[in-house]
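**Student:** Below: one structure in structure tokens.
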Amino acid sequence: MSSRFSEVNKWFAQKNWNSFPFQQDCWNAILSSEQGLLNAPTGSGKTYALFIGFLLKASQLKSNSKGLKVIWITPLRALSADIAAAMTEAVLALQPTWTVALRNGDTKASERAKLKTNPPDVLVTTPESLHLMLASKNNGLTFKHLEAIVIDEWHELAAGKRGVQVELALSRLRSLRPQLRTWGISATIGNLEEAAAVLFGSSEAYRIIKADIHKIPEVLPVIPNEIERFPWAGHLGIHLLPKALEIIEESESVLIFTNTRSQAEIWYRELLEAGPHLAGLIAMHHGSIDKELRLWVEDALHKGMLKVVVCTSSLDLGVDFHPVDTIIQVGSPKGVARFLQRAGRSGHRPGQTSKIWFLPTHGLELIECAALREAIISNKMEARKPLKMSFDVLVQYLVTLAVGDGFYPDEVFQEVRSTSCYRNITIEEWNWVLSFISTGGEALQAYPEYARVEIDETGKFLVTNRRTAMRHRMHIGTIVGDVLMKVGYRNGGTLGHVEESFISKLKPGDVFWFGGKALELLHVRDMKAVVQKAKSQKGVVPQWMGGRMLWSSELSAGVRSKLGEVNRKEIHDEELIHLKPLFDVQRLRSRIPSENQFLIEQLKSRDGYHLFFYPFEGRYIHEGLAALIAWRISRLTPISFSLAMNDYGFELLSNQPVPLMEALEEDLFRVDNLHEDIEQSVNATELARRVFRDIASISGLVFKGFPGKLIGNKHLQNSSRLMFDVFSSYDEGNLLLKQAYQEVYSSQLEEQRLFDALKRINSQEIILVELEKPSPFSFPILVDRLRGSLSSETLEDRVKRMQVNLEKN
């Protein structure tokens with residue numbers, strides 16, 4: 001190691017560590033006042049690769065000036081304490097005059113005031129809290145000594161509105177502190193160079209430092225004792241719980257990742273019931289559980305007090321849990337990068353091998369396991385596409401600046417245009433945004449409450465109304481969702497939060513499971529569901545809306561490739577070998593498509609005429625494709641369809657014969673006029689209305705209420721719908737309205753992926769098969785259509801009866 005790193009060398013030696021070349025590259029770059037993006041896998045020492053560089057720089061400058069010098073942005077509050085602890089350890093060893101502090105949404109007002117009067121040298125915070133700092137008066141003094149800002153987990157932020165928040169904050173800080181150095185940290189993504197370009201905007205030169213560490217986890221499938229030849233989604237993987245218990249017994253500590261909070265609640269309950277010896281050794285962690293309980297779980301993991309934690313994406317990222325040696329992924333993670341990120345939570349130390357068990361919720365998911373392993377080995381990661389022209393975030397940001405020290409439009413316009421998101425904003429669009437925040441725009445200028453920003457005699461835009469400023473500060477951020485309601489006991493004590501829409505369906509005396517406990521609802525008061533422990537153990541589990549988990553295009557391609565291997569009988573993966581009984585039935589009744597084939601199955605049953613299409617593009621792409629194909633067929637002859645879909649394909653069901661051959665001859669999968677056809681096939685206006693609720697919330701058009709007295713979800717939805725209709729009728733040029741439609745096509749309908757899927761199908765050979773009975777591929781789609789349509793007979797009972805009938809050849 002270089003002599004300039006002698007102190008670091010000594011400290012590392014005390015801890016039996018050795019520095020990596022990429023860490024030394026970062027230290028040298030920081031000492032040379034460079035900026036850049038560090039690309040390294042989870043658990044490789046990324047935090048110290050940058051932070052120690054700043055400590056070395058401080059020693060080099062020998063400056064004793066007091067004030068905030070480094071801001072470290074993390075996407076999750078759960079990361080903050082762990083990062084701050086690691087930093088404090090380094091500070092004590094290498095720069096003991098420095099101090100490290102935290103600031104996030106959980107920081108009390110008194111603590112925030114102390115941070116302002118006596119700022120630390122290093123602040124670990126979130127994008128939202130950074131914007132809150134920009135909304136404070138005299139914030140220029142806060143950043144007076146700022147030398148560097150680090151954006152951790154940039155791959156998680158880059159493709160969302162929180163990433164846009166970061167871009168805008170950076171544009172302001174770079175203006176306040178021209179010498180500011182920016183550093184990002186990112187795990188592997190498919191468009192690393194583009195992600196770097198977004199982070200640095202039009203700022204000075206930067207470099208990308210890549211860790212020469214290709215950490216490939218050991219991917220182990222959990223194979224069912226018996227492979228269902230007609231699998232269906234809906235088990236939540238509970239049928240494999242005994243095998244999960246075997247893995248737990250053979251491990252020192254385990255994280256069990258589920259894709260939803262509801263699934264985490266169910267798995268926690270079932271594990272405790274099946275393994276009562278785990279009582280006191282098992283816990284649950286997800287974003288709706290009370291902060292104090294989450295922190296206790298994280299601390300208990302650190303200290304080795306827990307053996308099992310059932311969790312969601314709340315523990316995806318870099319929280320450093322020393323004792324975890326095994327990961328179980330329940331169900332498909334839907335993407336390669338997410339799977340790799342979760343795998344990296346085990347063996348979370350340089351040189352250690354990560355191990356992850358893939359526990360399928362149904363048989364077909366084993367194909368995804370094989371596809372994920374190959375994608376990881378081939379380093380085929382998803383790209384994270386950055387957002388463009390998110391006007392709702394810009395509106396919020398400009399009001400934030402106006403609440404703080406105010407701003408001059410010409411100066412901030414140049415800052416905003418330096419970002420990737422708003423690089424192409426026109427002066428007309430800029431003037432519209434300025435008019436919108438100062439007058440309410442064309443449709444709302446008669447209502448004074450929408451003129452939030454005033455213009456003083458010098459041309460500075462300011463918020464002078466204290467009530468407006470207070471309301472704005474309370475809701476800075478871009479994370480939106482249903483209104484959350486506290487869950488707590490009658491004598492005090494909070495368990496966490498559930499969505500208002502769930503509680504509204506319950507009545508006093510009803511039992512539900514939350515936080516691993518059976519709770520009886522007593523009453524609702526002031527947005528708090530008051531509960532007591534229930535005597536009955538039977539109850540419903542809350543459903544959280546959350547974000548959509550999409551099958552990535554990389555996983556889609558991987559599944560099609562694996563099916564191509566099955567088609568050619570070139571099976572090498574353990575998972576595919578075990579699926580042979582299922583594949584044999586699929587071959588007997590239908591076909592297994594190769595990569596250059598597109599399978600369509602036809603079936604006539606007592607329910608009607610079924611068409612099954614298999615693009616293998618994921619449920620949400622299939623939603624759009626199903627609506628589009630149904631509409632195109634209906635243009636040939638008056639016909640109506642009911643639609644069903646899963647990640648593998650979709651079904652069109654009609655009560656009359658479908659002119660499929662005629663439709664194929666008319667180029668059913670054409671890409672010409674795709675946008676116009678999508679507009680005709682889906683109710684884009686209704687979809688845009690739904691999207692607009694979030695846009696209205698972020699831009700401050702609707703007020704979500706005060707802490708403890710949040711406005712109900714139905715009221716917010718009605719208010720935003722009213723706004724949408726007003727703009728549609730009287731302000732067609734409204735940029736927020738246009739953004740709503742743009743988000744529908746780009747995000748909800750994923751128009752580009754629809755285009756790519758149709759283009760691929762057009763190049764494939766169409767394989768049309770007449771079924772006598774449902775195939776293994778079509779069966780789970782049939783089951784999906786049955787959900788919600790059964791009354792006296794449960795879905796599981798109906799499915800079992802159907803499976804028995806299908807097994808009778």
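Every chain in the structure tokens has a letter given in the order shown (A, B, ...), and although residue numbers restart at 1 in each chain, ligands are simply numbered from 1 in the order shown.
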Identify all residues of segment 476-679 of chain A in helix (DSSP H, G or I) (DSSP on the backbone) and supply them as a ChimeraX atom specification.

**Tutor:** /A:500-503,553-567,574-578,580-589,619-634,660-665,674-679

**Student:** Which residues are close to Lys580 of chain A, i.e. within 10 Å by only C-alpha atoms, leaving aside same-chain residues fewer than 6 positions away? Reply as a tab-separated table (two decimals) with N, CA, C and O atoms, in the first residue's frame.

**Tutor:**
chain	number	residue	atom	x	y	z
A	227	ILE	N	-43.18	-32.83	-8.32
A	227	ILE	CA	-43.42	-31.74	-9.27
A	227	ILE	C	-44.85	-31.82	-9.78
A	227	ILE	O	-45.27	-32.85	-10.34
A	229	ARG	N	-47.60	-31.43	-12.29
A	229	ARG	CA	-47.59	-31.31	-13.75
A	229	ARG	C	-48.52	-30.20	-14.22
A	229	ARG	O	-48.43	-29.74	-15.35
A	566	VAL	N	-34.90	-26.63	-23.52
A	566	VAL	CA	-35.82	-27.75	-23.30
A	566	VAL	C	-36.35	-28.25	-24.63
A	566	VAL	O	-36.44	-29.47	-24.88
A	571	ILE	N	-30.87	-30.15	-21.87
A	571	ILE	CA	-31.13	-29.76	-20.49
A	571	ILE	C	-29.93	-30.12	-19.62
A	571	ILE	O	-29.52	-31.28	-19.54
A	586	GLN	N	-46.49	-31.20	-21.34
A	586	GLN	CA	-46.62	-30.07	-22.25
A	586	GLN	C	-46.35	-30.50	-23.69
A	586	GLN	O	-47.07	-30.11	-24.61

**Student:** Produce a table with one row for each residue of segment 640-746 of chain A that has an atom at most 6 Å from any atom of segment 611-625 of chain A, each row naming the nearest atom pair and its distance in Å at one decimal; use only C-alpha atoms; arrange rows by chain and rising residue number; format as a Markdown table.

**Tutor:**
| residue | atom | partner | partner_atom | distance |
| --- | --- | --- | --- | --- |
| A:Asn646 | CA | A:Arg619 | CA | 4.7 |
| A:Asp647 | CA | A:Gly618 | CA | 3.8 |
| A:Tyr648 | CA | A:Phe616 | CA | 4.3 |
| A:Gly649 | CA | A:Tyr614 | CA | 4.1 |
| A:Phe650 | CA | A:Phe613 | CA | 5.4 |
| A:Glu651 | CA | A:Phe612 | CA | 4.6 |
| A:Leu652 | CA | A:Leu611 | CA | 5.1 |

**Student:** Using the selection just defined, write its residues with N, CA and C atoms as an mmCIF file, in the first residue's frame.

**Tutor:**
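Now in result_18.cif:
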data_model
loop_
_atom_site.group_PDB
_atom_site.id
_atom_site.type_symbol
_atom_site.label_atom_id
_atom_site.label_comp_id
_atom_site.auth_asym_id
_atom_site.auth_seq_id
_atom_site.Cartn_x
_atom_site.Cartn_y
_atom_site.Cartn_z
ATOM 1 N N ASN A 646 -50.661 -14.139 -16.696
ATOM 2 C CA ASN A 646 -49.629 -14.291 -15.679
ATOM 3 C C ASN A 646 -48.306 -13.880 -16.317
ATOM 4 N N ASP A 647 -47.181 -14.218 -15.681
ATOM 5 C CA ASP A 647 -45.891 -13.784 -16.211
ATOM 6 C C ASP A 647 -45.497 -14.505 -17.492
ATOM 7 N N TYR A 648 -46.154 -15.639 -17.783
ATOM 8 C CA TYR A 648 -45.743 -16.450 -18.928
ATOM 9 C C TYR A 648 -46.591 -16.205 -20.173
ATOM 10 N N GLY A 649 -47.857 -15.867 -19.975
ATOM 11 C CA GLY A 649 -48.719 -15.657 -21.132
ATOM 12 C C GLY A 649 -50.030 -15.013 -20.740
ATOM 13 N N PHE A 650 -50.953 -14.940 -21.720
ATOM 14 C CA PHE A 650 -52.277 -14.381 -21.433
ATOM 15 C C PHE A 650 -53.338 -15.138 -22.208
ATOM 16 N N GLU A 651 -54.579 -15.004 -21.714
ATOM 17 C CA GLU A 651 -55.721 -15.703 -22.300
ATOM 18 C C GLU A 651 -56.760 -14.700 -22.772
ATOM 19 N N LEU A 652 -57.329 -14.963 -23.945
ATOM 20 C CA LEU A 652 -58.533 -14.285 -24.413
ATOM 21 C C LEU A 652 -59.650 -15.322 -24.436
#

**Student:** Tell me which of A:Glu298, A:Glu167, A:Asp607, A:Glu574 sits closest to Tyr422 of chain A, counting only C-alpha atoms.

**Tutor:** A:Glu167

**Student:** With only C-alpha atoms as the counted atoms, please give the residues lying no more than 12 Å from Ile455 of chain A, apart from itself and same-chain residues fewer than 5 positions off, as a PyMOL selection string.

**Tutor:** chain A and resi 402+406-409+434-435+437-439+460-464

**Student:** Within 10 Å of Thr125 of chain A, counting only C-alpha atoms, which residues show up once you throw out same-chain ones fewer than 4 positions away? Write them as a ChimeraX atom specification, please.

**Tutor:** /A:71-77,79-81,84,101-105,129-130,151

**Student:** Write out the residues from the selection above, keeping all heavy atoms, as a tab-separated table (two decimals), in the first residue's frame.

**Tutor:**
chain	number	residue	atom	x	y	z
A	71	ILE	N	-21.75	15.29	2.77
A	71	ILE	CA	-23.13	14.78	2.87
A	71	ILE	C	-23.16	13.41	2.20
A	71	ILE	O	-22.66	13.24	1.08
A	71	ILE	CB	-24.13	15.72	2.18
A	71	ILE	CG1	-24.23	17.06	2.93
A	71	ILE	CG2	-25.51	15.08	2.08
A	71	ILE	CD1	-25.15	18.07	2.27
A	72	TRP	N	-23.75	12.45	2.89
A	72	TRP	CA	-23.84	11.08	2.38
A	72	TRP	C	-25.32	10.72	2.24
A	72	TRP	O	-26.03	10.61	3.23
A	72	TRP	CB	-23.14	10.13	3.34
A	72	TRP	CG	-22.84	8.77	2.79
A	72	TRP	CD1	-23.71	7.75	2.57
A	72	TRP	CD2	-21.55	8.27	2.40
A	72	TRP	NE1	-23.07	6.65	2.07
A	72	TRP	CE2	-21.73	6.95	1.96
A	72	TRP	CE3	-20.27	8.82	2.39
A	72	TRP	CZ2	-20.66	6.15	1.51
A	72	TRP	CZ3	-19.21	8.03	1.94
A	72	TRP	CH2	-19.41	6.72	1.51
A	73	ILE	N	-25.78	10.58	1.01
A	73	ILE	CA	-27.20	10.32	0.74
A	73	ILE	C	-27.44	8.82	0.63
A	73	ILE	O	-26.75	8.11	-0.11
A	73	ILE	CB	-27.64	10.99	-0.58
A	73	ILE	CG1	-27.43	12.50	-0.52
A	73	ILE	CG2	-29.11	10.66	-0.89
A	73	ILE	CD1	-28.30	13.21	0.45
A	74	THR	N	-28.42	8.30	1.38
A	74	THR	CA	-28.82	6.90	1.27
A	74	THR	C	-30.29	6.84	0.90
A	74	THR	O	-31.08	7.69	1.32
A	74	THR	CB	-28.61	6.15	2.60
A	74	THR	OG1	-29.57	6.61	3.55
A	74	THR	CG2	-27.21	6.36	3.14
A	75	PRO	N	-30.71	5.82	0.14
A	75	PRO	CA	-32.13	5.74	-0.25
A	75	PRO	C	-33.03	5.21	0.84
A	75	PRO	O	-34.24	5.42	0.80
A	75	PRO	CB	-32.10	4.77	-1.44
A	75	PRO	CG	-30.88	3.94	-1.23
A	75	PRO	CD	-29.89	4.82	-0.54
A	76	LEU	N	-32.49	4.51	1.84
A	76	LEU	CA	-33.31	3.94	2.89
A	76	LEU	C	-32.84	4.39	4.27
A	76	LEU	O	-31.63	4.45	4.52
A	76	LEU	CB	-33.25	2.40	2.86
A	76	LEU	CG	-33.97	1.69	1.71
A	76	LEU	CD1	-33.79	0.20	1.85
A	76	LEU	CD2	-35.43	2.05	1.66
A	77	ARG	N	-33.80	4.69	5.14
A	77	ARG	CA	-33.45	5.04	6.51
A	77	ARG	C	-32.71	3.88	7.19
A	77	ARG	O	-31.85	4.10	8.05
A	77	ARG	CB	-34.71	5.36	7.31
A	77	ARG	CG	-35.47	6.57	6.80
A	77	ARG	CD	-36.73	6.76	7.61
A	77	ARG	NE	-37.62	7.73	6.97
A	77	ARG	CZ	-38.83	8.03	7.42
A	77	ARG	NH1	-39.28	7.46	8.51
A	77	ARG	NH2	-39.58	8.91	6.80
A	79	LEU	N	-30.49	2.10	6.15
A	79	LEU	CA	-29.06	2.12	5.87
A	79	LEU	C	-28.31	3.11	6.76
A	79	LEU	O	-27.12	2.94	7.02
A	79	LEU	CB	-28.81	2.51	4.41
A	79	LEU	CG	-29.30	1.57	3.31
A	79	LEU	CD1	-29.09	2.23	1.97
A	79	LEU	CD2	-28.57	0.25	3.36
A	80	SER	N	-28.99	4.15	7.17
A	80	SER	CA	-28.32	5.31	7.77
A	80	SER	C	-27.51	4.97	9.00
A	80	SER	O	-26.33	5.31	9.10
A	80	SER	CB	-29.35	6.38	8.11
A	80	SER	OG	-30.08	6.76	6.98
A	81	ALA	N	-28.13	4.30	9.96
A	81	ALA	CA	-27.45	4.02	11.23
A	81	ALA	C	-26.22	3.15	11.01
A	81	ALA	O	-25.17	3.36	11.64
A	81	ALA	CB	-28.42	3.35	12.21
A	84	ALA	N	-23.47	5.25	9.36
A	84	ALA	CA	-22.92	6.21	10.33
A	84	ALA	C	-22.03	5.51	11.35
A	84	ALA	O	-20.99	6.05	11.75
A	84	ALA	CB	-24.06	6.93	11.04
A	101	ALA	N	-23.22	12.55	11.99
A	101	ALA	CA	-24.60	12.62	12.49
A	101	ALA	C	-25.57	12.10	11.44
A	101	ALA	O	-25.23	11.98	10.25
A	101	ALA	CB	-24.95	14.05	12.87
A	102	LEU	N	-26.78	11.80	11.90
A	102	LEU	CA	-27.86	11.32	11.04
A	102	LEU	C	-28.97	12.36	10.95
A	102	LEU	O	-29.23	13.08	11.92
A	102	LEU	CB	-28.48	10.03	11.59
A	102	LEU	CG	-27.62	8.77	11.70
A	102	LEU	CD1	-28.42	7.69	12.40
A	102	LEU	CD2	-27.20	8.31	10.33
A	103	ARG	N	-29.61	12.42	9.79
A	103	ARG	CA	-30.84	13.20	9.68
A	103	ARG	C	-31.72	12.52	8.64
A	103	ARG	O	-31.34	12.33	7.49
A	103	ARG	CB	-30.55	14.64	9.24
A	103	ARG	CG	-31.87	15.40	8.97
A	103	ARG	CD	-31.71	16.84	8.63
A	103	ARG	NE	-32.99	17.39	8.22
A	103	ARG	CZ	-33.34	18.66	8.29
A	103	ARG	NH1	-32.49	19.55	8.76
A	103	ARG	NH2	-34.52	19.07	7.89
A	104	ASN	N	-32.93	12.14	9.08
A	104	ASN	CA	-33.92	11.59	8.16
A	104	ASN	C	-35.31	11.90	8.69
A	104	ASN	O	-35.46	12.71	9.61
A	104	ASN	CB	-33.71	10.08	7.97
A	104	ASN	CG	-33.68	9.31	9.28
A	104	ASN	OD1	-34.51	9.54	10.16
A	104	ASN	ND2	-32.73	8.39	9.42
A	105	GLY	N	-36.32	11.26	8.12
A	105	GLY	CA	-37.69	11.56	8.52
A	105	GLY	C	-38.01	11.22	9.94
A	105	GLY	O	-39.02	11.70	10.49
A	129	SER	N	-34.71	14.55	3.14
A	129	SER	CA	-34.17	15.41	4.18
A	129	SER	C	-33.23	16.46	3.59
A	129	SER	O	-33.15	17.58	4.12
A	129	SER	CB	-33.44	14.57	5.22
A	129	SER	OG	-34.37	13.81	5.98
A	130	LEU	N	-32.54	16.13	2.53
A	130	LEU	CA	-31.69	17.13	1.87
A	130	LEU	C	-32.55	18.25	1.30
A	130	LEU	O	-32.19	19.44	1.41
A	130	LEU	CB	-30.87	16.47	0.75
A	130	LEU	CG	-29.95	17.40	-0.04
A	130	LEU	CD1	-28.98	18.15	0.87
A	130	LEU	CD2	-29.19	16.62	-1.11
A	151	ILE	N	-23.69	9.92	-3.25
A	151	ILE	CA	-25.01	9.34	-3.47
A	151	ILE	C	-24.84	7.83	-3.45
A	151	ILE	O	-24.33	7.23	-4.40
A	151	ILE	CB	-25.62	9.79	-4.82
A	151	ILE	CG1	-25.44	11.30	-5.02
A	151	ILE	CG2	-27.08	9.39	-4.88
A	151	ILE	CD1	-26.06	12.17	-3.96

**Student:** Fewer than 4 positions away in the same chain doesn't count, so skip those; otherwise give me all residues within 9 Å of segment 731-737 of chain A, counting only C-alpha atoms, as a list of chain:residue names.

**Tutor:**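 In the requested format, the answer is A:Ser390, A:Phe391, A:Asp392, A:Glu429, A:Trp432, A:Val433, A:Gly441, A:Glu442, A:Ala443, A:Ala688, A:Phe692, A:Ile695, A:Ala696, A:Ser699, A:Phe724, A:Val726, A:Phe727, A:Tyr741, A:Gln742.
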
**Student:** I'd like the interatomic distance between atom CA of Phe339 of chain A and atom CA of Glu273 of chain A, to a tenth of an Å.

**Tutor:**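 Computing the Euclidean distance for atom CA of Phe339 of chain A and atom CA of Glu273 of chain A yields 27.8 Å.
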
**Student:** Find the residues near Ala534 of chain A: any atom within 7 Å, counting only C-alpha atoms, skip ones fewer than 5 places away on the same chain, and give them as a list in words.

**Tutor:**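 Near Ala534 of chain A, the qualifying residues are Val511, Ala518, Leu519 and Glu520 of chain A.
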
**Student:** Figure out the distance between atom CA of Trp267 of chain A and atom CA of Phe514 of chain A, please, to one decimal in Å.

**Tutor:**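 Straight-line distance from atom CA of Phe514 of chain A to atom CA of Trp267 of chain A works out to 11.9 Å.
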
**Student:** Just give me the gap between atom CA of Asp756 of chain A and atom CA of Ser561 of chain A in Å, one decimal is fine.

**Tutor:**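 Value for the atom CA of Asp756 of chain A-atom CA of Ser561 of chain A distance: 16.6 Å.
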
**Student:** Would you kindly return, as a ChimeraX atom specification, each protein, DNA or RNA residue with an atom no farther than 8 Å from any atom of Val682 of chain A, considering only C-alpha atoms and excluding same-chain residues fewer than 4 positions away?

**Tutor:** /A:624,627-628,678

**Student:** Could you give me the residues within segment 619-667 of chain A that DSSP places in strand (DSSP E or B), as a list in words?

**Tutor:**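 Selection result, strand (DSSP E or B) within segment 619-667 of chain A: Ser642, Leu643, Ala644, Met645, Phe650, Glu651, Leu652, Leu653 and Ser654 of chain A.
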
**Student:** Given only C-alpha atoms as the basis, pick out the residue of A:Thr260, A:Thr117, A:Ser59, A:Asn39 nearest to Pro96 of chain A.

**Tutor:** A:Ser59
